[in-house]
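Report on the following structure.
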Amino acid sequence: MFNFSKEMQNLHEKVMQSVGADFAVAEQVMRDNQRRMLQAFIENKVSTSHLVGTTGYGYNDIGRDKLCEVFAQVVGTEDALLRHNFMSGTHAITVALFALLRPGDTLLYASGAPYDTLHKAIGTADDGTGSLCDFGVLYEELPLQNGDIDIDAVTQRCKQGGVKVVALQRSCGYAGRPSLSVEKLEQAAAAVKAVDERIYVFVDNCYGEFVEMREPSHNIDLIAGSLIKNAGGGIASTGGYIAGTAHAVELAANRLSVPGIGAEIGSTGGALRELYLGLYFAPSVVCEAVKTAVYACALFDELGYTVRPHVGAERTDILAAIDTKSAKTLVAICEAVQACSPVDSFVTPVAAPMPGYADEVIMAAGAFTAGSSIEISCDGPLREPFTAFLQGGLNFEASRLALLSAAEKIKNIT
Ligand SMILES: *Cc1c(COP(=O)(O)O)cnc(C)c1O
């Protein structure tokens, strides 16, 4: 195994020479974030007693509350809710949106169509599912302009009134658009607040945590994300977070549990230790994932494929997208990634229909945590341009073996 041909060994050497500058940036970001992480643990006096959970209602769960304080300090917000009982990133985002919106309010998604799993949460008027629109929220969407937030269109729409929440998505997800940097998100948020500071700005921060030296916070009321992506450091086995202003986080806590009880309840059982440990590791693990994405883009660019982000581009998430142009190549890449995974390496992924997708989707995921995408994972819908979406990588050295195996496997496909 891993006996690469001379051609592939040379290709690896060449790619390693081209990624030096990007790796240096990733390591600098990691050093900064890891230092702030350690500092937050020390300054908040995290102790052994905080790692032990509670049962029942979870009143006075000091470990739970402390974890939220540490996280809020690290992401630069007034308050946070980081909990194992968020079931996914979509759940955390949905709780955040329901917390801020009331019937008759308008939700304006200003970064184009949101991530697929949110479409049904937003829903349509009277769809009978309990979606936002079923509850009487009005929904509008503004597309990006040349890959950027159309700030003029957003402010014009906000001036017309009715908009209660402007939502922005940091990572491109499965859309063929660039991801949005923290700076760009905050510029848009500042423009919205200049029109009316009562309008809430929400950021879907999934895949973005710890890729830059700070998280979206200035002029932003709430951010949300998943703990089986970046912020769980590959160690959290479930969970999500919401962070932001004290007021908005309180509204979210009321929505997550009960109005009037908010963040006071929610026992943590045995979950706290892995949440602390995962958060502590997150900046380092994210750095490995960013290096994996950088390497993937450089490798497949070298092989003549169109990749996003481009080699040398600034990064704000852990994604790499490769337009393979052929179903066979997409399938072969997913098979190679699966075969080089630490768990379920012997399993062959096959394309299958998935709810919410028009085309069959193929997914490789040999992960310690089911569905985790901070661990190396690769997937894509079987349609033009047969894009392989690659994310995660707990450690670069193991992940790049999977990528080189994929490169070897596809080189004779015509
Ligand atoms: C993954 C993701 C989500 C949804 O998170 P889940 O944990 O899969 O529910 C939402 N938005 C973006 C941009 C994502 O990458």
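Ligands are numbered from 1 in the order shown, residues from 1 within each chain, and chains are lettered A, B, ... in the order they appear in the structure tokens.
Using only C-alpha atoms, the protein and nucleic acid residues lying no more than 7 Å from stretch 314-330 of chain A, apart from those fewer than 6 places from it along its own chain, are Ser171, Ser179, Leu180, Ser181, Tyr207, Gly208, Val211, Glu212, Ala289, Val290, Ala293, Ala296, Cys297, Tyr305, Thr306, Val307, Arg308, Leu382, Glu384, Pro385, Phe386, Thr387, Ala388, Phe389, Leu390, Gln391, Gly392, Ile410 and Ile413 of chain A.
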All strand (DSSP E) positions in stretch 50-240 of chain A, as a PDB file with C-alpha atoms, in the first residue's frame:
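Wrote it out as states_32.pdb, contents follow:
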```pdb
ATOM      1  CA  ASP A  79     -21.902  35.288  24.979  1.00  0.00           C
ATOM      2  CA  ALA A  80     -22.265  31.800  23.515  1.00  0.00           C
ATOM      3  CA  LEU A  81     -24.211  28.562  23.669  1.00  0.00           C
ATOM      4  CA  LEU A  82     -22.019  25.572  22.886  1.00  0.00           C
ATOM      5  CA  ARG A  83     -23.860  22.350  23.502  1.00  0.00           C
ATOM      6  CA  THR A 106     -38.596  39.378   6.626  1.00  0.00           C
ATOM      7  CA  LEU A 107     -35.538  37.126   6.507  1.00  0.00           C
ATOM      8  CA  LEU A 108     -33.161  38.349   3.803  1.00  0.00           C
ATOM      9  CA  TYR A 109     -30.491  35.869   2.729  1.00  0.00           C
ATOM     10  CA  LEU A 138     -41.369  36.275   4.856  1.00  0.00           C
ATOM     11  CA  TYR A 139     -38.328  35.160   2.907  1.00  0.00           C
ATOM     12  CA  GLU A 140     -36.207  36.985   0.329  1.00  0.00           C
ATOM     13  CA  GLU A 141     -32.866  36.189  -1.255  1.00  0.00           C
ATOM     14  CA  VAL A 163     -36.243  43.234   7.146  1.00  0.00           C
ATOM     15  CA  LYS A 164     -35.569  41.829  10.601  1.00  0.00           C
ATOM     16  CA  VAL A 165     -32.641  39.512   9.848  1.00  0.00           C
ATOM     17  CA  VAL A 166     -29.958  39.711   7.175  1.00  0.00           C
ATOM     18  CA  ALA A 167     -28.359  36.269   6.888  1.00  0.00           C
ATOM     19  CA  LEU A 168     -24.955  35.600   5.365  1.00  0.00           C
ATOM     20  CA  GLN A 169     -23.226  32.280   4.699  1.00  0.00           C
ATOM     21  CA  TYR A 200     -30.050  41.575  13.150  1.00  0.00           C
ATOM     22  CA  VAL A 201     -27.140  40.186  11.153  1.00  0.00           C
ATOM     23  CA  PHE A 202     -26.721  36.417  11.271  1.00  0.00           C
ATOM     24  CA  VAL A 203     -23.751  34.455   9.882  1.00  0.00           C
ATOM     25  CA  ASP A 204     -23.766  30.730   9.052  1.00  0.00           C
ATOM     26  CA  LEU A 222     -25.249  35.757  15.931  1.00  0.00           C
ATOM     27  CA  ILE A 223     -23.015  33.162  14.342  1.00  0.00           C
ATOM     28  CA  ALA A 224     -23.713  29.433  14.361  1.00  0.00           C
ATOM     29  CA  GLY A 225     -21.957  26.227  13.399  1.00  0.00           C
ATOM     30  CA  SER A 226     -21.467  22.517  13.911  1.00  0.00           C
ATOM     31  CA  GLY A 240     -23.223  22.751  17.687  1.00  0.00           C
TER      32      GLY A 240
END
```
Nearest candidate to A:Gly270 (options A:Ala339, A:Gly162, A:His84, A:Arg400; using only C-alpha atoms) =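 Ranking A:Ala339, A:Gly162, A:His84, A:Arg400 by distance to A:Gly270, first place goes to A:His84.
Our summary of the geometry notes that atom CA of A:Ala364 is positioned 27.3 Å from atom CA of A:Gly112.
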Surroundings of ligand 1 up to 9 Å, based on only C-alpha atoms and all ligand atoms, as a PyMOL selection string = chain A and resi 87-93+114-118+169-174+204-208+224-229+239-240+319+371-373
Per residue of stretch 73-103 of chain A within 12 Å of stretch 31-35 of chain A, which atom pair is closest and at what distance in Å (one decimal), using only C-alpha atoms, listed by chain and increasing number, as CSV?
```
residue,atom,partner,partner_atom,distance
A:Gln73,CA,A:Asn33,CA,11.6
A:Val74,CA,A:Asn33,CA,8.1
A:Val75,CA,A:Asn33,CA,9.6
A:Gly76,CA,A:Asn33,CA,11.6
```
All residues 9 Å or closer to A:Leu132, only C-alpha atoms, same chain fewer than 5 positions away omitted, as a PDB file with all heavy atoms, in the first residue's frame:
```
ATOM      1  N   THR A  94     -31.044  26.888  12.585  1.00  0.00           N
ATOM      2  CA  THR A  94     -32.501  27.016  12.637  1.00  0.00           C
ATOM      3  C   THR A  94     -32.947  27.601  13.975  1.00  0.00           C
ATOM      4  O   THR A  94     -33.826  28.472  14.016  1.00  0.00           O
ATOM      5  CB  THR A  94     -33.161  25.639  12.379  1.00  0.00           C
ATOM      6  OG1 THR A  94     -32.688  25.142  11.128  1.00  0.00           O
ATOM      7  CG2 THR A  94     -34.674  25.745  12.336  1.00  0.00           C
ATOM      8  N   LEU A  97     -32.276  31.324  13.802  1.00  0.00           N
ATOM      9  CA  LEU A  97     -33.219  32.092  12.969  1.00  0.00           C
ATOM     10  C   LEU A  97     -34.587  32.194  13.640  1.00  0.00           C
ATOM     11  O   LEU A  97     -35.194  33.277  13.670  1.00  0.00           O
ATOM     12  CB  LEU A  97     -33.333  31.445  11.576  1.00  0.00           C
ATOM     13  CG  LEU A  97     -32.055  31.521  10.718  1.00  0.00           C
ATOM     14  CD1 LEU A  97     -32.231  30.748   9.412  1.00  0.00           C
ATOM     15  CD2 LEU A  97     -31.667  32.972  10.422  1.00  0.00           C
ATOM     16  N   PHE A  98     -35.082  31.094  14.213  1.00  0.00           N
ATOM     17  CA  PHE A  98     -36.364  31.148  14.928  1.00  0.00           C
ATOM     18  C   PHE A  98     -36.275  32.091  16.135  1.00  0.00           C
ATOM     19  O   PHE A  98     -37.251  32.706  16.539  1.00  0.00           O
ATOM     20  CB  PHE A  98     -36.796  29.748  15.384  1.00  0.00           C
ATOM     21  CG  PHE A  98     -37.672  29.024  14.395  1.00  0.00           C
ATOM     22  CD1 PHE A  98     -37.148  28.043  13.578  1.00  0.00           C
ATOM     23  CD2 PHE A  98     -39.025  29.331  14.292  1.00  0.00           C
ATOM     24  CE1 PHE A  98     -37.953  27.361  12.660  1.00  0.00           C
ATOM     25  CE2 PHE A  98     -39.844  28.662  13.391  1.00  0.00           C
ATOM     26  CZ  PHE A  98     -39.297  27.675  12.560  1.00  0.00           C
ATOM     27  N   LEU A 101     -36.525  35.841  14.559  1.00  0.00           N
ATOM     28  CA  LEU A 101     -37.633  36.218  13.671  1.00  0.00           C
ATOM     29  C   LEU A 101     -39.001  36.001  14.317  1.00  0.00           C
ATOM     30  O   LEU A 101     -39.189  35.073  15.107  1.00  0.00           O
ATOM     31  CB  LEU A 101     -37.546  35.401  12.381  1.00  0.00           C
ATOM     32  CG  LEU A 101     -36.373  35.764  11.471  1.00  0.00           C
ATOM     33  CD1 LEU A 101     -35.962  34.589  10.597  1.00  0.00           C
ATOM     34  CD2 LEU A 101     -36.724  36.993  10.616  1.00  0.00           C
ATOM     35  N   ARG A 102     -39.939  36.887  13.979  1.00  0.00           N
ATOM     36  CA  ARG A 102     -41.321  36.770  14.431  1.00  0.00           C
ATOM     37  C   ARG A 102     -42.229  36.806  13.204  1.00  0.00           C
ATOM     38  O   ARG A 102     -41.827  37.321  12.163  1.00  0.00           O
ATOM     39  CB  ARG A 102     -41.683  37.948  15.362  1.00  0.00           C
ATOM     40  CG  ARG A 102     -40.815  38.036  16.625  1.00  0.00           C
ATOM     41  CD  ARG A 102     -41.112  36.901  17.602  1.00  0.00           C
ATOM     42  NE  ARG A 102     -40.212  36.924  18.764  1.00  0.00           N
ATOM     43  CZ  ARG A 102     -39.044  36.286  18.830  1.00  0.00           C
ATOM     44  NH1 ARG A 102     -38.628  35.558  17.809  1.00  0.00           N
ATOM     45  NH2 ARG A 102     -38.296  36.359  19.897  1.00  0.00           N
ATOM     46  N   PRO A 103     -43.474  36.317  13.327  1.00  0.00           N
ATOM     47  CA  PRO A 103     -44.390  36.342  12.177  1.00  0.00           C
ATOM     48  C   PRO A 103     -44.474  37.757  11.579  1.00  0.00           C
ATOM     49  O   PRO A 103     -44.555  38.738  12.316  1.00  0.00           O
ATOM     50  CB  PRO A 103     -45.734  35.920  12.787  1.00  0.00           C
ATOM     51  CG  PRO A 103     -45.350  35.057  13.950  1.00  0.00           C
ATOM     52  CD  PRO A 103     -44.086  35.668  14.500  1.00  0.00           C
ATOM     53  N   LYS A 120     -35.669  23.519   3.598  1.00  0.00           N
ATOM     54  CA  LYS A 120     -36.941  23.090   4.200  1.00  0.00           C
ATOM     55  C   LYS A 120     -37.184  23.756   5.550  1.00  0.00           C
ATOM     56  O   LYS A 120     -38.323  23.883   5.986  1.00  0.00           O
ATOM     57  CB  LYS A 120     -36.986  21.571   4.321  1.00  0.00           C
ATOM     58  CG  LYS A 120     -37.269  20.946   2.974  1.00  0.00           C
ATOM     59  CD  LYS A 120     -37.632  19.488   3.064  1.00  0.00           C
ATOM     60  CE  LYS A 120     -38.045  18.984   1.685  1.00  0.00           C
ATOM     61  NZ  LYS A 120     -37.885  17.536   1.536  1.00  0.00           N
ATOM     62  N   ALA A 121     -36.106  24.160   6.223  1.00  0.00           N
ATOM     63  CA  ALA A 121     -36.274  24.878   7.492  1.00  0.00           C
ATOM     64  C   ALA A 121     -36.881  26.251   7.227  1.00  0.00           C
ATOM     65  O   ALA A 121     -37.690  26.751   8.010  1.00  0.00           O
ATOM     66  CB  ALA A 121     -34.924  25.018   8.191  1.00  0.00           C
ATOM     67  N   ILE A 122     -36.494  26.863   6.113  1.00  0.00           N
ATOM     68  CA  ILE A 122     -37.092  28.148   5.731  1.00  0.00           C
ATOM     69  C   ILE A 122     -38.491  27.885   5.178  1.00  0.00           C
ATOM     70  O   ILE A 122     -39.446  28.551   5.555  1.00  0.00           O
ATOM     71  CB  ILE A 122     -36.186  28.868   4.704  1.00  0.00           C
ATOM     72  CG1 ILE A 122     -34.866  29.265   5.383  1.00  0.00           C
ATOM     73  CG2 ILE A 122     -36.888  30.097   4.131  1.00  0.00           C
ATOM     74  CD1 ILE A 122     -33.759  29.673   4.435  1.00  0.00           C
ATOM     75  N   GLY A 123     -38.603  26.891   4.304  1.00  0.00           N
ATOM     76  CA  GLY A 123     -39.910  26.426   3.849  1.00  0.00           C
ATOM     77  C   GLY A 123     -40.676  27.423   3.009  1.00  0.00           C
ATOM     78  O   GLY A 123     -40.107  28.387   2.476  1.00  0.00           O
ATOM     79  N   THR A 124     -41.990  27.184   2.903  1.00  0.00           N
ATOM     80  CA  THR A 124     -42.859  28.091   2.151  1.00  0.00           C
ATOM     81  C   THR A 124     -44.096  28.364   3.002  1.00  0.00           C
ATOM     82  O   THR A 124     -44.407  27.587   3.919  1.00  0.00           O
ATOM     83  CB  THR A 124     -43.304  27.446   0.816  1.00  0.00           C
ATOM     84  OG1 THR A 124     -43.812  26.133   1.108  1.00  0.00           O
ATOM     85  CG2 THR A 124     -42.141  27.325  -0.155  1.00  0.00           C
ATOM     86  N   ALA A 125     -44.786  29.469   2.669  1.00  0.00           N
ATOM     87  CA  ALA A 125     -45.959  29.864   3.459  1.00  0.00           C
ATOM     88  C   ALA A 125     -46.949  28.707   3.554  1.00  0.00           C
ATOM     89  O   ALA A 125     -47.246  28.062   2.546  1.00  0.00           O
ATOM     90  CB  ALA A 125     -46.606  31.091   2.816  1.00  0.00           C
ATOM     91  N   VAL A 137     -43.109  33.950   8.639  1.00  0.00           N
ATOM     92  CA  VAL A 137     -41.922  34.738   8.288  1.00  0.00           C
ATOM     93  C   VAL A 137     -41.888  34.874   6.770  1.00  0.00           C
ATOM     94  O   VAL A 137     -42.273  33.959   6.046  1.00  0.00           O
ATOM     95  CB  VAL A 137     -40.635  34.041   8.813  1.00  0.00           C
ATOM     96  CG1 VAL A 137     -39.377  34.666   8.224  1.00  0.00           C
ATOM     97  CG2 VAL A 137     -40.613  34.095  10.335  1.00  0.00           C
ATOM     98  N   LEU A 138     -41.477  36.046   6.297  1.00  0.00           N
ATOM     99  CA  LEU A 138     -41.369  36.275   4.856  1.00  0.00           C
ATOM    100  C   LEU A 138     -39.914  36.087   4.460  1.00  0.00           C
ATOM    101  O   LEU A 138     -39.012  36.467   5.214  1.00  0.00           O
ATOM    102  CB  LEU A 138     -41.849  37.687   4.507  1.00  0.00           C
ATOM    103  CG  LEU A 138     -43.249  38.007   5.032  1.00  0.00           C
ATOM    104  CD1 LEU A 138     -43.553  39.491   4.894  1.00  0.00           C
ATOM    105  CD2 LEU A 138     -44.296  37.169   4.290  1.00  0.00           C
ATOM    106  N   TYR A 139     -39.696  35.500   3.300  1.00  0.00           N
ATOM    107  CA  TYR A 139     -38.328  35.160   2.907  1.00  0.00           C
ATOM    108  C   TYR A 139     -37.940  35.807   1.583  1.00  0.00           C
ATOM    109  O   TYR A 139     -38.691  35.766   0.616  1.00  0.00           O
ATOM    110  CB  TYR A 139     -38.187  33.639   2.776  1.00  0.00           C
ATOM    111  CG  TYR A 139     -36.796  33.239   2.361  1.00  0.00           C
ATOM    112  CD1 TYR A 139     -35.728  33.386   3.244  1.00  0.00           C
ATOM    113  CD2 TYR A 139     -36.537  32.753   1.079  1.00  0.00           C
ATOM    114  CE1 TYR A 139     -34.441  33.043   2.857  1.00  0.00           C
ATOM    115  CE2 TYR A 139     -35.247  32.403   0.687  1.00  0.00           C
ATOM    116  CZ  TYR A 139     -34.208  32.554   1.580  1.00  0.00           C
ATOM    117  OH  TYR A 139     -32.931  32.225   1.206  1.00  0.00           O
TER     118      TYR A 139
END
```
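Our summary of the geometry notes that atom CA of A:Ala402 is positioned 25.8 Å from atom CA of A:Asp359.
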Which of stretch 96-197 of chain A end up as alpha helix (DSSP H) when DSSP is run on this backbone - answer as a JSON list (two decimals) with C-alpha atoms, in the first residue's frame?
```json
[["chain", "number", "residue", "atom", "x", "y", "z"],
["A", 96, "ALA", "CA", -30.82, 31.02, 15.73],
["A", 97, "LEU", "CA", -33.22, 32.09, 12.97],
["A", 98, "PHE", "CA", -36.36, 31.15, 14.93],
["A", 99, "ALA", "CA", -34.89, 33.06, 17.89],
["A", 100, "LEU", "CA", -34.57, 36.31, 15.95],
["A", 119, "HIS", "CA", -34.29, 25.09, 2.36],
["A", 120, "LYS", "CA", -36.94, 23.09, 4.20],
["A", 121, "ALA", "CA", -36.27, 24.88, 7.49],
["A", 122, "ILE", "CA", -37.09, 28.15, 5.73],
["A", 151, "ILE", "CA", -23.99, 45.68, -0.49],
["A", 152, "ASP", "CA", -25.92, 48.32, -2.47],
["A", 153, "ALA", "CA", -28.80, 45.93, -3.09],
["A", 154, "VAL", "CA", -28.78, 44.82, 0.56],
["A", 155, "THR", "CA", -28.88, 48.35, 1.96],
["A", 156, "GLN", "CA", -31.53, 49.44, -0.56],
["A", 157, "ARG", "CA", -33.72, 46.52, 0.46],
["A", 158, "CYS", "CA", -33.14, 47.23, 4.16],
["A", 159, "LYS", "CA", -34.17, 50.88, 3.66],
["A", 182, "VAL", "CA", -14.59, 37.62, 7.73],
["A", 183, "GLU", "CA", -13.70, 41.09, 6.48],
["A", 184, "LYS", "CA", -16.32, 40.96, 3.71],
["A", 185, "LEU", "CA", -18.98, 39.63, 6.07],
["A", 186, "GLU", "CA", -18.27, 42.42, 8.55],
["A", 187, "GLN", "CA", -18.31, 45.10, 5.83],
["A", 188, "ALA", "CA", -21.78, 43.98, 4.80],
["A", 189, "ALA", "CA", -22.88, 43.84, 8.45],
["A", 190, "ALA", "CA", -21.64, 47.40, 9.04],
["A", 191, "ALA", "CA", -23.61, 48.62, 6.01],
["A", 192, "VAL", "CA", -26.79, 46.94, 7.30],
["A", 193, "LYS", "CA", -26.36, 48.45, 10.79],
["A", 194, "ALA", "CA", -25.79, 51.89, 9.21],
["A", 195, "VAL", "CA", -29.28, 51.65, 7.69]]
```
A:Ala263, A:Ala370, A:Ala236, A:Ala336 ranked by distance to A:Ile62, top pick (using only C-alpha atoms) = A:Ala263
request  = Can you work out the spacing between atom CA of A:Gly266 and atom CA of A:Asn44 in Å, to one decimal?
outcome  =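 That distance, rounded to one decimal, is 21.1 Å.
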task = Between A:Pro342, A:Gly269, A:Gly304, A:Gly312, single out the one closest to A:Thr55, counting only C-alpha atoms.
result = A:Gly269
Long-range neighbours of A:Val331 as a compact mmCIF listing (two decimals) with N, CA and C atoms, in the first residue's frame, 8 Å cut-off, only C-alpha atoms, 3 positions minimum in chain:
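Output below, filename around_17.txt:
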```
# COMPACT_ATOMS: atom_id res chain seq x y z
N ALA A 327 -17.96 11.56 -14.62
CA ALA A 327 -18.54 10.79 -13.53
C ALA A 327 -17.54 9.74 -13.03
N LYS A 328 -16.85 9.12 -13.97
CA LYS A 328 -15.88 8.07 -13.62
C LYS A 328 -14.79 8.63 -12.69
N CYS A 334 -13.63 9.54 -4.98
CA CYS A 334 -14.34 9.18 -3.75
C CYS A 334 -13.92 7.79 -3.27
N GLU A 335 -13.78 6.85 -4.22
CA GLU A 335 -13.36 5.49 -3.86
C GLU A 335 -11.97 5.50 -3.22
N VAL A 350 -21.00 4.01 -3.21
CA VAL A 350 -21.73 4.02 -4.49
C VAL A 350 -22.68 5.22 -4.51
N ALA A 351 -22.87 5.76 -5.71
CA ALA A 351 -23.78 6.90 -5.87
C ALA A 351 -25.21 6.46 -5.59
N ILE A 362 -22.57 10.82 -4.57
CA ILE A 362 -21.62 9.83 -4.06
C ILE A 362 -20.87 10.45 -2.89
```
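Residues in contact range of A:Tyr295, defined as at most 8 Å between only C-alpha atoms, with sequence neighbours fewer than 2 positions away removed, read Val15, Met16, Val19, Lys291, Thr292, Ala293, Cys297, Ala298, Leu299 and Arg400 of chain A.
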Kindly export the residues of the current selection with N, CA and C atoms, as a JSON list (two decimals), in the first residue's frame.
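The result, written out as selection-v6.json:
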```
[["chain", "number", "residue", "atom", "x", "y", "z"],
["A", 15, "VAL", "N", 4.35, 19.54, -5.92],
["A", 15, "VAL", "CA", 3.24, 20.20, -5.22],
["A", 15, "VAL", "C", 3.72, 20.76, -3.89],
["A", 16, "MET", "N", 4.52, 19.99, -3.16],
["A", 16, "MET", "CA", 5.01, 20.47, -1.85],
["A", 16, "MET", "C", 5.81, 21.75, -2.00],
["A", 19, "VAL", "N", 3.28, 24.77, -2.44],
["A", 19, "VAL", "CA", 2.33, 25.13, -1.38],
["A", 19, "VAL", "C", 2.99, 25.80, -0.17],
["A", 291, "LYS", "N", -4.37, 22.68, 5.27],
["A", 291, "LYS", "CA", -3.23, 22.19, 4.49],
["A", 291, "LYS", "C", -3.68, 21.11, 3.50],
["A", 292, "THR", "N", -4.58, 20.24, 3.95],
["A", 292, "THR", "CA", -5.10, 19.19, 3.06],
["A", 292, "THR", "C", -5.81, 19.82, 1.86],
["A", 293, "ALA", "N", -6.62, 20.86, 2.12],
["A", 293, "ALA", "CA", -7.35, 21.53, 1.03],
["A", 293, "ALA", "C", -6.39, 22.23, 0.08],
["A", 297, "CYS", "N", -5.94, 21.25, -3.88],
["A", 297, "CYS", "CA", -6.11, 22.21, -4.98],
["A", 297, "CYS", "C", -4.84, 22.26, -5.84],
["A", 298, "ALA", "N", -3.68, 22.28, -5.19],
["A", 298, "ALA", "CA", -2.42, 22.35, -5.94],
["A", 298, "ALA", "C", -2.21, 21.08, -6.77],
["A", 299, "LEU", "N", -2.52, 19.93, -6.16],
["A", 299, "LEU", "CA", -2.32, 18.64, -6.84],
["A", 299, "LEU", "C", -3.20, 18.52, -8.08],
["A", 400, "ARG", "N", -2.93, 13.49, 2.84],
["A", 400, "ARG", "CA", -2.31, 13.66, 1.52],
["A", 400, "ARG", "C", -2.02, 12.30, 0.87]]
```
key: Contact residues around A:Thr245 with only C-alpha atoms at 7 Å, ignoring same-chain residues under 3 positions, as a list in words   =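 Neighbouring residues, sequence-local ones excluded: Thr77, Glu78, Asp79, Asp221, Leu222, Ala248 and Val249 of chain A.
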Those residues you just picked out, can you put them in a file as a PDB file, in the first residue's frame with all heavy atoms?
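Result written to out_15.pdb:
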```pdb
ATOM      1  N   THR A  77     -17.094  37.118  21.067  1.00  0.00           N
ATOM      2  CA  THR A  77     -18.486  37.558  21.219  1.00  0.00           C
ATOM      3  C   THR A  77     -18.809  37.745  22.706  1.00  0.00           C
ATOM      4  O   THR A  77     -18.064  37.286  23.563  1.00  0.00           O
ATOM      5  CB  THR A  77     -19.472  36.530  20.620  1.00  0.00           C
ATOM      6  OG1 THR A  77     -19.242  35.251  21.230  1.00  0.00           O
ATOM      7  CG2 THR A  77     -19.280  36.403  19.117  1.00  0.00           C
ATOM      8  N   GLU A  78     -19.935  38.420  22.987  1.00  0.00           N
ATOM      9  CA  GLU A  78     -20.309  38.654  24.390  1.00  0.00           C
ATOM     10  C   GLU A  78     -20.705  37.370  25.100  1.00  0.00           C
ATOM     11  O   GLU A  78     -20.443  37.190  26.282  1.00  0.00           O
ATOM     12  CB  GLU A  78     -21.508  39.619  24.459  1.00  0.00           C
ATOM     13  CG  GLU A  78     -21.152  41.047  24.136  1.00  0.00           C
ATOM     14  CD  GLU A  78     -22.378  41.949  24.062  1.00  0.00           C
ATOM     15  OE1 GLU A  78     -23.514  41.515  24.397  1.00  0.00           O
ATOM     16  OE2 GLU A  78     -22.193  43.107  23.638  1.00  0.00           O
ATOM     17  N   ASP A  79     -21.376  36.493  24.341  1.00  0.00           N
ATOM     18  CA  ASP A  79     -21.902  35.288  24.979  1.00  0.00           C
ATOM     19  C   ASP A  79     -21.964  34.159  23.949  1.00  0.00           C
ATOM     20  O   ASP A  79     -21.811  34.400  22.745  1.00  0.00           O
ATOM     21  CB  ASP A  79     -23.303  35.574  25.548  1.00  0.00           C
ATOM     22  CG  ASP A  79     -23.664  34.638  26.695  1.00  0.00           C
ATOM     23  OD1 ASP A  79     -22.897  33.685  26.969  1.00  0.00           O
ATOM     24  OD2 ASP A  79     -24.722  34.859  27.320  1.00  0.00           O
ATOM     25  N   ASP A 221     -24.795  39.859  15.022  1.00  0.00           N
ATOM     26  CA  ASP A 221     -25.552  39.516  16.227  1.00  0.00           C
ATOM     27  C   ASP A 221     -25.394  38.065  16.618  1.00  0.00           C
ATOM     28  O   ASP A 221     -25.280  37.756  17.802  1.00  0.00           O
ATOM     29  CB  ASP A 221     -27.034  39.860  16.016  1.00  0.00           C
ATOM     30  CG  ASP A 221     -27.214  41.355  15.844  1.00  0.00           C
ATOM     31  OD1 ASP A 221     -27.340  42.053  16.870  1.00  0.00           O
ATOM     32  OD2 ASP A 221     -27.165  41.834  14.692  1.00  0.00           O
ATOM     33  N   LEU A 222     -25.408  37.185  15.630  1.00  0.00           N
ATOM     34  CA  LEU A 222     -25.249  35.757  15.931  1.00  0.00           C
ATOM     35  C   LEU A 222     -24.460  35.057  14.835  1.00  0.00           C
ATOM     36  O   LEU A 222     -24.615  35.377  13.646  1.00  0.00           O
ATOM     37  CB  LEU A 222     -26.613  35.049  16.047  1.00  0.00           C
ATOM     38  CG  LEU A 222     -27.473  35.259  17.289  1.00  0.00           C
ATOM     39  CD1 LEU A 222     -28.742  34.400  17.185  1.00  0.00           C
ATOM     40  CD2 LEU A 222     -26.730  34.948  18.579  1.00  0.00           C
ATOM     41  N   ALA A 248     -28.989  38.539  21.871  1.00  0.00           N
ATOM     42  CA  ALA A 248     -29.367  37.570  20.830  1.00  0.00           C
ATOM     43  C   ALA A 248     -29.131  36.136  21.312  1.00  0.00           C
ATOM     44  O   ALA A 248     -29.923  35.233  21.008  1.00  0.00           O
ATOM     45  CB  ALA A 248     -28.596  37.847  19.538  1.00  0.00           C
ATOM     46  N   VAL A 249     -28.067  35.932  22.089  1.00  0.00           N
ATOM     47  CA  VAL A 249     -27.799  34.582  22.601  1.00  0.00           C
ATOM     48  C   VAL A 249     -28.892  34.181  23.601  1.00  0.00           C
ATOM     49  O   VAL A 249     -29.322  33.024  23.650  1.00  0.00           O
ATOM     50  CB  VAL A 249     -26.384  34.482  23.224  1.00  0.00           C
ATOM     51  CG1 VAL A 249     -26.200  33.170  23.976  1.00  0.00           C
ATOM     52  CG2 VAL A 249     -25.317  34.609  22.136  1.00  0.00           C
TER      53      VAL A 249
END
```
